[in-house]
$ cat input.pdb   # PDB, C-alpha atoms
MODEL        1
ATOM      1  CA  MET Q   1     110.434 102.783 128.940  1.00  0.00           C
ATOM      2  CA  ASN Q   2     111.309 105.996 127.122  1.00  0.00           C
ATOM      3  CA  ALA Q   3     108.860 108.782 126.250  1.00  0.00           C
ATOM      4  CA  PHE Q   4     108.866 107.863 122.553  1.00  0.00           C
ATOM      5  CA  MET Q   5     107.725 104.323 123.345  1.00  0.00           C
ATOM      6  CA  LEU Q   6     105.042 105.683 125.678  1.00  0.00           C
ATOM      7  CA  VAL Q   7     103.691 107.913 122.870  1.00  0.00           C
ATOM      8  CA  HIS Q   8     103.681 104.854 120.582  1.00  0.00           C
ATOM      9  CA  ILE Q   9     101.730 102.772 123.125  1.00  0.00           C
ATOM     10  CA  VAL Q  10      99.206 105.519 123.878  1.00  0.00           C
ATOM     11  CA  GLY Q  11      98.730 106.163 120.145  1.00  0.00           C
ATOM     12  CA  GLY Q  12      98.154 102.462 119.524  1.00  0.00           C
ATOM     13  CA  SER Q  13      95.714 102.164 122.422  1.00  0.00           C
ATOM     14  CA  VAL Q  14      93.675 105.128 121.214  1.00  0.00           C
ATOM     15  CA  ALA Q  15      93.794 103.735 117.655  1.00  0.00           C
ATOM     16  CA  LEU Q  16      92.405 100.355 118.693  1.00  0.00           C
ATOM     17  CA  LEU Q  17      89.623 101.916 120.770  1.00  0.00           C
ATOM     18  CA  SER Q  18      88.652 104.599 118.241  1.00  0.00           C
ATOM     19  CA  GLY Q  19      88.855 102.100 115.376  1.00  0.00           C
ATOM     20  CA  ALA Q  20      86.460  99.790 117.204  1.00  0.00           C
ATOM     21  CA  ALA Q  21      84.163 102.750 117.848  1.00  0.00           C
ATOM     22  CA  ALA Q  22      84.218 103.767 114.174  1.00  0.00           C
ATOM     23  CA  LEU Q  23      83.273 100.216 113.232  1.00  0.00           C
ATOM     24  CA  ALA Q  24      80.460 100.085 115.812  1.00  0.00           C
ATOM     25  CA  VAL Q  25      78.550 103.272 114.979  1.00  0.00           C
ATOM     26  CA  ARG Q  26      76.414 104.106 111.923  1.00  0.00           C
ATOM     27  CA  LYS Q  27      78.588 104.895 108.913  1.00  0.00           C
ATOM     28  CA  GLY Q  28      78.345 108.489 107.738  1.00  0.00           C
ATOM     29  CA  SER Q  29      77.151 109.712 111.137  1.00  0.00           C
ATOM     30  CA  ARG Q  30      78.835 112.440 113.149  1.00  0.00           C
ATOM     31  CA  TRP Q  31      80.045 109.794 115.637  1.00  0.00           C
ATOM     32  CA  HIS Q  32      81.610 107.771 112.829  1.00  0.00           C
ATOM     33  CA  ALA Q  33      83.406 110.857 111.532  1.00  0.00           C
ATOM     34  CA  ARG Q  34      84.693 111.755 115.010  1.00  0.00           C
ATOM     35  CA  ALA Q  35      85.827 108.220 115.813  1.00  0.00           C
ATOM     36  CA  GLY Q  36      87.366 107.929 112.343  1.00  0.00           C
ATOM     37  CA  THR Q  37      89.296 111.162 112.762  1.00  0.00           C
ATOM     38  CA  ALA Q  38      90.573 109.989 116.163  1.00  0.00           C
ATOM     39  CA  PHE Q  39      91.552 106.678 114.542  1.00  0.00           C
ATOM     40  CA  PHE Q  40      93.327 108.504 111.714  1.00  0.00           C
ATOM     41  CA  ALA Q  41      95.331 110.766 114.043  1.00  0.00           C
ATOM     42  CA  SER Q  42      96.210 108.064 116.566  1.00  0.00           C
ATOM     43  CA  MET Q  43      97.213 105.621 113.817  1.00  0.00           C
ATOM     44  CA  LEU Q  44      99.585 108.220 112.369  1.00  0.00           C
ATOM     45  CA  VAL Q  45     101.094 108.668 115.831  1.00  0.00           C
ATOM     46  CA  MET Q  46     101.328 104.924 116.496  1.00  0.00           C
ATOM     47  CA  ALA Q  47     102.607 103.868 113.073  1.00  0.00           C
ATOM     48  CA  GLY Q  48     104.897 106.881 112.699  1.00  0.00           C
ATOM     49  CA  THR Q  49     106.566 106.417 116.076  1.00  0.00           C
ATOM     50  CA  GLY Q  50     106.698 102.657 115.455  1.00  0.00           C
ATOM     51  CA  ALA Q  51     108.533 103.245 112.175  1.00  0.00           C
ATOM     52  CA  VAL Q  52     111.048 105.534 113.868  1.00  0.00           C
ATOM     53  CA  ILE Q  53     111.586 103.092 116.743  1.00  0.00           C
ATOM     54  CA  ALA Q  54     112.121 100.296 114.211  1.00  0.00           C
ATOM     55  CA  VAL Q  55     114.758 102.300 112.317  1.00  0.00           C
ATOM     56  CA  PHE Q  56     116.886 102.542 115.448  1.00  0.00           C
ATOM     57  CA  LYS Q  57     116.587  98.844 116.433  1.00  0.00           C
ATOM     58  CA  PRO Q  58     117.227  98.217 113.371  1.00  0.00           C
ATOM     59  CA  GLU Q  59     114.135  96.481 112.041  1.00  0.00           C
ATOM     60  CA  ARG Q  60     114.005  97.628 108.424  1.00  0.00           C
ATOM     61  CA  GLY Q  61     110.918  95.632 107.478  1.00  0.00           C
ATOM     62  CA  THR Q  62     108.994  96.863 110.505  1.00  0.00           C
ATOM     63  CA  ALA Q  63     109.973 100.446 109.669  1.00  0.00           C
ATOM     64  CA  LEU Q  64     108.516  99.943 106.185  1.00  0.00           C
ATOM     65  CA  VAL Q  65     105.340  98.416 107.648  1.00  0.00           C
ATOM     66  CA  GLY Q  66     104.928 101.499 109.855  1.00  0.00           C
ATOM     67  CA  THR Q  67     105.446 103.793 106.862  1.00  0.00           C
ATOM     68  CA  PHE Q  68     102.991 101.763 104.777  1.00  0.00           C
ATOM     69  CA  THR Q  69     100.414 101.909 107.585  1.00  0.00           C
ATOM     70  CA  CYS Q  70     100.745 105.713 107.731  1.00  0.00           C
ATOM     71  CA  TYR Q  71     100.234 105.763 103.952  1.00  0.00           C
ATOM     72  CA  LEU Q  72      97.119 103.570 104.249  1.00  0.00           C
ATOM     73  CA  VAL Q  73      95.390 105.722 106.869  1.00  0.00           C
ATOM     74  CA  ALA Q  74      96.356 108.986 105.161  1.00  0.00           C
ATOM     75  CA  THR Q  75      95.005 107.888 101.770  1.00  0.00           C
ATOM     76  CA  ALA Q  76      91.895 106.350 103.369  1.00  0.00           C
ATOM     77  CA  TRP Q  77      91.151 109.516 105.321  1.00  0.00           C
ATOM     78  CA  THR Q  78      91.698 111.614 102.185  1.00  0.00           C
ATOM     79  CA  ALA Q  79      89.281 109.386 100.256  1.00  0.00           C
ATOM     80  CA  ALA Q  80      86.605 109.958 102.898  1.00  0.00           C
ATOM     81  CA  ARG Q  81      87.201 113.721 103.062  1.00  0.00           C
ATOM     82  CA  GLN Q  82      87.634 114.407  99.324  1.00  0.00           C
ATOM     83  CA  ARG Q  83      83.956 114.058  98.427  1.00  0.00           C
ATOM     84  CA  SER Q  84      84.567 115.162  94.837  1.00  0.00           C
ATOM     85  CA  GLY Q  85      86.622 112.014  94.287  1.00  0.00           C
ATOM     86  CA  LYS Q  86      89.257 113.964  92.343  1.00  0.00           C
ATOM     87  CA  SER Q  87      92.925 113.058  92.435  1.00  0.00           C
ATOM     88  CA  THR Q  88      95.284 115.559  94.063  1.00  0.00           C
ATOM     89  CA  GLY Q  89      98.976 116.260  94.429  1.00  0.00           C
ATOM     90  CA  PHE Q  90      98.856 114.318  97.675  1.00  0.00           C
ATOM     91  CA  GLY Q  91      97.734 111.274  95.698  1.00  0.00           C
ATOM     92  CA  ARG Q  92     100.792 111.511  93.450  1.00  0.00           C
ATOM     93  CA  ALA Q  93     103.099 111.786  96.461  1.00  0.00           C
ATOM     94  CA  ALA Q  94     101.313 108.870  98.140  1.00  0.00           C
ATOM     95  CA  LEU Q  95     101.918 106.739  95.048  1.00  0.00           C
ATOM     96  CA  GLY Q  96     105.653 107.302  95.531  1.00  0.00           C
ATOM     97  CA  ILE Q  97     105.435 106.153  99.154  1.00  0.00           C
ATOM     98  CA  ALA Q  98     103.525 102.997  98.193  1.00  0.00           C
ATOM     99  CA  LYS Q  99     106.034 102.175  95.449  1.00  0.00           C
ATOM    100  CA  GLY Q 100     108.949 102.776  97.829  1.00  0.00           C
ATOM    101  CA  CYS Q 101     107.424 100.493 100.474  1.00  0.00           C
ATOM    102  CA  ALA Q 102     106.729  97.808  97.862  1.00  0.00           C
ATOM    103  CA  ILE Q 103     110.245  97.881  96.451  1.00  0.00           C
ATOM    104  CA  GLY Q 104     111.821  97.965  99.920  1.00  0.00           C
ATOM    105  CA  GLN Q 105     109.787  95.039 101.226  1.00  0.00           C
ATOM    106  CA  LEU Q 106     110.339  92.930  98.108  1.00  0.00           C
ATOM    107  CA  LEU Q 107     114.103  93.554  98.271  1.00  0.00           C
ATOM    108  CA  LEU Q 108     114.100  92.546 101.942  1.00  0.00           C
ATOM    109  CA  GLY Q 109     112.114  89.435 101.051  1.00  0.00           C
ATOM    110  CA  PHE Q 110     114.712  88.393  98.473  1.00  0.00           C
ATOM    111  CA  ALA Q 111     117.495  89.119 100.968  1.00  0.00           C
ATOM    112  CA  GLY Q 112     115.726  86.878 103.489  1.00  0.00           C
ATOM    113  CA  LEU Q 113     115.481  84.104 100.913  1.00  0.00           C
ATOM    114  CA  ASN Q 114     119.268  84.179 100.603  1.00  0.00           C
ATOM    115  CA  ASP Q 115     119.883  84.277 104.359  1.00  0.00           C
ATOM    116  CA  PRO Q 116     120.587  80.947 106.117  1.00  0.00           C
ATOM    117  CA  ASP Q 117     117.996  81.816 108.800  1.00  0.00           C
ATOM    118  CA  GLY Q 118     115.467  83.001 106.211  1.00  0.00           C
ATOM    119  CA  LYS Q 119     115.146  86.330 108.007  1.00  0.00           C
ATOM    120  CA  VAL Q 120     116.083  89.962 107.639  1.00  0.00           C
ATOM    121  CA  ASP Q 121     116.487  91.488 111.071  1.00  0.00           C
ATOM    122  CA  SER Q 122     113.797  89.529 112.979  1.00  0.00           C
ATOM    123  CA  LEU Q 123     111.165  89.091 110.263  1.00  0.00           C
ATOM    124  CA  PRO Q 124     110.964  85.986 108.057  1.00  0.00           C
ATOM    125  CA  TRP Q 125     111.193  86.478 104.308  1.00  0.00           C
ATOM    126  CA  GLN Q 126     107.501  85.617 103.818  1.00  0.00           C
ATOM    127  CA  VAL Q 127     106.368  88.634 105.829  1.00  0.00           C
ATOM    128  CA  HIS Q 128     108.315  90.963 103.552  1.00  0.00           C
ATOM    129  CA  PHE Q 129     106.681  89.460 100.467  1.00  0.00           C
ATOM    130  CA  VAL Q 130     103.191  89.788 101.978  1.00  0.00           C
ATOM    131  CA  PHE Q 131     103.661  93.476 102.801  1.00  0.00           C
ATOM    132  CA  GLY Q 132     105.505  94.094  99.530  1.00  0.00           C
ATOM    133  CA  SER Q 133     102.571  92.604  97.627  1.00  0.00           C
ATOM    134  CA  LEU Q 134     100.048  94.698  99.574  1.00  0.00           C
ATOM    135  CA  ALA Q 135     102.042  97.853  98.887  1.00  0.00           C
ATOM    136  CA  LEU Q 136     102.318  96.891  95.215  1.00  0.00           C
ATOM    137  CA  LEU Q 137      98.541  96.407  95.046  1.00  0.00           C
ATOM    138  CA  ALA Q 138      97.958  99.774  96.723  1.00  0.00           C
ATOM    139  CA  ALA Q 139     100.379 101.458  94.293  1.00  0.00           C
ATOM    140  CA  ALA Q 140      98.637  99.855  91.297  1.00  0.00           C
ATOM    141  CA  LEU Q 141      95.265 101.089  92.565  1.00  0.00           C
ATOM    142  CA  ASP Q 142      96.738 104.569  93.119  1.00  0.00           C
ATOM    143  CA  LEU Q 143      98.119 104.579  89.585  1.00  0.00           C
ATOM    144  CA  ASP Q 144      94.706 103.592  88.201  1.00  0.00           C
ATOM    145  CA  PHE Q 145      93.049 106.332  90.281  1.00  0.00           C
ATOM    146  CA  LEU Q 146      95.516 108.960  89.057  1.00  0.00           C
ATOM    147  CA  ARG Q 147      95.059 107.790  85.457  1.00  0.00           C
ATOM    148  CA  LYS Q 148      91.259 108.120  85.745  1.00  0.00           C
ATOM    149  CA  GLY Q 149      91.519 111.386  87.681  1.00  0.00           C
ATOM    150  CA  ARG Q 150      88.349 110.749  89.644  1.00  0.00           C
ATOM    151  CA  LEU Q 151      86.584 108.068  91.670  1.00  0.00           C
ATOM    152  CA  SER Q 152      82.841 107.482  91.776  1.00  0.00           C
ATOM    153  CA  GLY Q 153      81.158 107.619  95.180  1.00  0.00           C
ATOM    154  CA  VAL Q 154      81.178 103.828  95.516  1.00  0.00           C
ATOM    155  CA  GLN Q 155      84.849 103.620  94.471  1.00  0.00           C
ATOM    156  CA  ARG Q 156      85.770 106.371  96.934  1.00  0.00           C
ATOM    157  CA  ILE Q 157      84.039 104.592  99.816  1.00  0.00           C
ATOM    158  CA  GLY Q 158      85.626 101.290  98.760  1.00  0.00           C
ATOM    159  CA  ARG Q 159      89.053 102.945  98.761  1.00  0.00           C
ATOM    160  CA  HIS Q 160      88.383 104.368 102.231  1.00  0.00           C
ATOM    161  CA  LEU Q 161      87.079 101.077 103.590  1.00  0.00           C
ATOM    162  CA  TRP Q 162      89.793  98.687 102.425  1.00  0.00           C
ATOM    163  CA  ARG Q 163      92.630 101.002 103.442  1.00  0.00           C
ATOM    164  CA  MET Q 164      91.262 101.778 106.918  1.00  0.00           C
ATOM    165  CA  SER Q 165      90.437  98.110 107.447  1.00  0.00           C
ATOM    166  CA  MET Q 166      93.913  97.007 106.376  1.00  0.00           C
ATOM    167  CA  ALA Q 167      95.487  99.582 108.710  1.00  0.00           C
ATOM    168  CA  MET Q 168      93.291  98.326 111.568  1.00  0.00           C
ATOM    169  CA  LEU Q 169      94.277  94.730 110.776  1.00  0.00           C
ATOM    170  CA  ILE Q 170      97.974  95.659 110.821  1.00  0.00           C
ATOM    171  CA  ALA Q 171      97.576  97.491 114.140  1.00  0.00           C
ATOM    172  CA  THR Q 172      95.643  94.711 115.850  1.00  0.00           C
ATOM    173  CA  SER Q 173      97.967  92.016 114.488  1.00  0.00           C
ATOM    174  CA  SER Q 174     100.979  93.952 115.650  1.00  0.00           C
ATOM    175  CA  PHE Q 175      99.494  94.335 119.122  1.00  0.00           C
ATOM    176  CA  PHE Q 176      98.069  90.868 119.679  1.00  0.00           C
ATOM    177  CA  ARG Q 177     100.634  88.775 117.784  1.00  0.00           C
ATOM    178  CA  GLY Q 178     103.673  91.005 118.137  1.00  0.00           C
ATOM    179  CA  GLN Q 179     103.301  91.548 121.876  1.00  0.00           C
ATOM    180  CA  ARG Q 180     102.279  88.010 122.781  1.00  0.00           C
ATOM    181  CA  ASP Q 181     104.810  87.850 125.632  1.00  0.00           C
ATOM    182  CA  GLU Q 182     103.079  90.782 127.356  1.00  0.00           C
ATOM    183  CA  PHE Q 183      99.820  88.841 127.830  1.00  0.00           C
ATOM    184  CA  PRO Q 184      99.077  86.315 130.591  1.00  0.00           C
ATOM    185  CA  GLU Q 185     100.729  82.963 129.876  1.00  0.00           C
ATOM    186  CA  ALA Q 186      97.364  81.204 129.411  1.00  0.00           C
ATOM    187  CA  TRP Q 187      96.577  83.528 126.463  1.00  0.00           C
ATOM    188  CA  GLN Q 188      99.935  83.267 124.717  1.00  0.00           C
ATOM    189  CA  GLY Q 189      99.120  80.111 122.741  1.00  0.00           C
ATOM    190  CA  PHE Q 190      96.256  81.711 120.790  1.00  0.00           C
TER     191      PHE Q 190
ENDMDL
END
$ encode --input "input.pdb" --output "structure tokens"
Amino acid sequence: MNAFMLVHIVGGSVALLSGAAALAVRKGSRWHARAGTAFFASMLVMAGTGAVIAVFKPERGTALVGTFTCYLVATAWTAARQRSGKSTGFGRAALGIAKGCAIGQLLLGFAGLNDPDGKVDSLPWQVHFVFGSLALLAAALDLDFLRKGRLSGVQRIGRHLWRMSMAMLIATSSFFRGQRDEFPEAWQGF
């Protein structure tokens, strides 16, 4: 195992633990903020290194999923920290990332449809369409946010919640479903 993979695994482990802690404690508390910040940082490490690892395999769809996950946690963290609810230059740049991930995943999905195996690299075409649709939804919500220029408190918390939750779902799915062969044989059928 190389050092890059070790950083990815440690980042993912910290992300799963800190994400669970952020979910377990009272929202808005100091402990929630600390666990959330640890989740944010470790998710960037895990998803960022995962995206780079995927580029060199090559696993184009997985690289886009890692990029999209970084986008989700960065925009979710910004929503929690930007109490004014105002749009920023970061929000405009993030919109570009979401659109790029959406277009990339949808193109890979169509390529998989035309492949005899129904896959691009190791992912089936359906996976690309699911992540492409999620990225398209996120981009549409970003566009609406930028058009309005401001989010109410409830909208800001909703933005934070769905994006952090989606990032946590991606991380846990990647770990438990993607690494099934690393678990004891009795657990592998679940």
$ closest_residue --input "input.pdb" --among "Q:Asn114, Q:Ala140, Q:Thr172, Q:Gly109" --to "Gln126 in chain Q" --atoms "only C-alpha atoms"
Q:Gly109
$ closest_residue --input "input.pdb" --among "Q:Met43, Q:Ala33, Q:Ala80, Q:Cys70" --to "Leu151 in chain Q" --atoms "all atoms listed in the file"
Q:Ala80
$ closest_residue --input "input.pdb" --among "Q:Ala38, Q:Leu169, Q:Leu123, Q:Leu6" --to "Ala63 in chain Q" --atoms "only C-alpha atoms"
Q:Leu123
$ closest_residue --input "input.pdb" --among "Q:Arg150, Q:Ala21, Q:Arg34, Q:Ala51" --to "Phe4 in chain Q" --atoms "all atoms listed in the file"
Q:Ala51
$ residues_near_point --input "input.pdb" --point "(83.4, 113.3, 94.3)" --cutoff "12 Å" --atoms "all atoms listed in the file" --output "tab-separated table (two decimals) with C-alpha atoms, in the frame of the given file"
chain	number	residue	atom	x	y	z
Q	78	THR	CA	91.70	111.61	102.18
Q	79	ALA	CA	89.28	109.39	100.26
Q	80	ALA	CA	86.60	109.96	102.90
Q	81	ARG	CA	87.20	113.72	103.06
Q	82	GLN	CA	87.63	114.41	99.32
Q	83	ARG	CA	83.96	114.06	98.43
Q	84	SER	CA	84.57	115.16	94.84
Q	85	GLY	CA	86.62	112.01	94.29
Q	86	LYS	CA	89.26	113.96	92.34
Q	87	SER	CA	92.92	113.06	92.44
Q	149	GLY	CA	91.52	111.39	87.68
Q	150	ARG	CA	88.35	110.75	89.64
Q	151	LEU	CA	86.58	108.07	91.67
Q	152	SER	CA	82.84	107.48	91.78
Q	153	GLY	CA	81.16	107.62	95.18
Q	154	VAL	CA	81.18	103.83	95.52
Q	155	GLN	CA	84.85	103.62	94.47
Q	156	ARG	CA	85.77	106.37	96.93
Q	157	ILE	CA	84.04	104.59	99.82
$ resolve_selection --input "input.pdb" --expression "the PyMOL selection byres ((chain Q and resi 40) around 9)" --output "list in words"
Ala15, Ser18, Gly19, Ala35, Gly36, Thr37, Ala38, Phe39, Ala41, Ser42, Met43, Leu44, Val45, Cys70, Val73, Ala74, Ala76, Trp77 and Met164 of chain Q
$ atom_distance --input "input.pdb" --atom1 "CA of Leu64 in chain Q" --atom2 "CA of Cys101 in chain Q"
5.8 Å
$ atom_distance --input "input.pdb" --atom1 "CA of Ala138 in chain Q" --atom2 "CA of Arg30 in chain Q"
28.2 Å
$ residues_around --input "input.pdb" --residues "Leu113 in chain Q" --least-positions-apart "4" --cutoff "9 Å" --atoms "only C-alpha atoms" --output "PyMOL selection string"
chain Q and resi 108-109+117-120+124-126
$ axis_aligned_box --input "input.pdb" --around "range 127-130 of chain Q" --padding-each-side "8 Å" --output "AutoDock Vina command-line options"
--center_x 105.8 --center_y 89.8 --center_z 103.1 --size_x 21.1 --size_y 18.3 --size_z 21.4
$ closest_residue --input "input.pdb" --among "Q:Ala20, Q:Gly96, Q:Tyr71, Q:Met5" --to "Val52 in chain Q" --atoms "only C-alpha atoms"
Q:Met5
$ residues_near_point --input "input.pdb" --point "(100.5, 108.7, 102.0)" --cutoff "8 Å" --atoms "all atoms listed in the file" --output "list in words"
Phe68, Cys70, Tyr71, Leu72, Val73, Ala74, Thr75, Phe90, Gly91, Ala93, Ala94, Leu95, Ile97 and Ala98 of chain Q
$ atom_distance --input "input.pdb" --atom1 "CA of Thr67 in chain Q" --atom2 "CA of Thr49 in chain Q"
9.6 Å
$ residues_around --input "input.pdb" --residues "Thr69 in chain Q" --least-positions-apart "4" --cutoff "7 Å" --atoms "only C-alpha atoms" --output "list in words"
Ala47, Val65, Val73 and Ala167 of chain Q
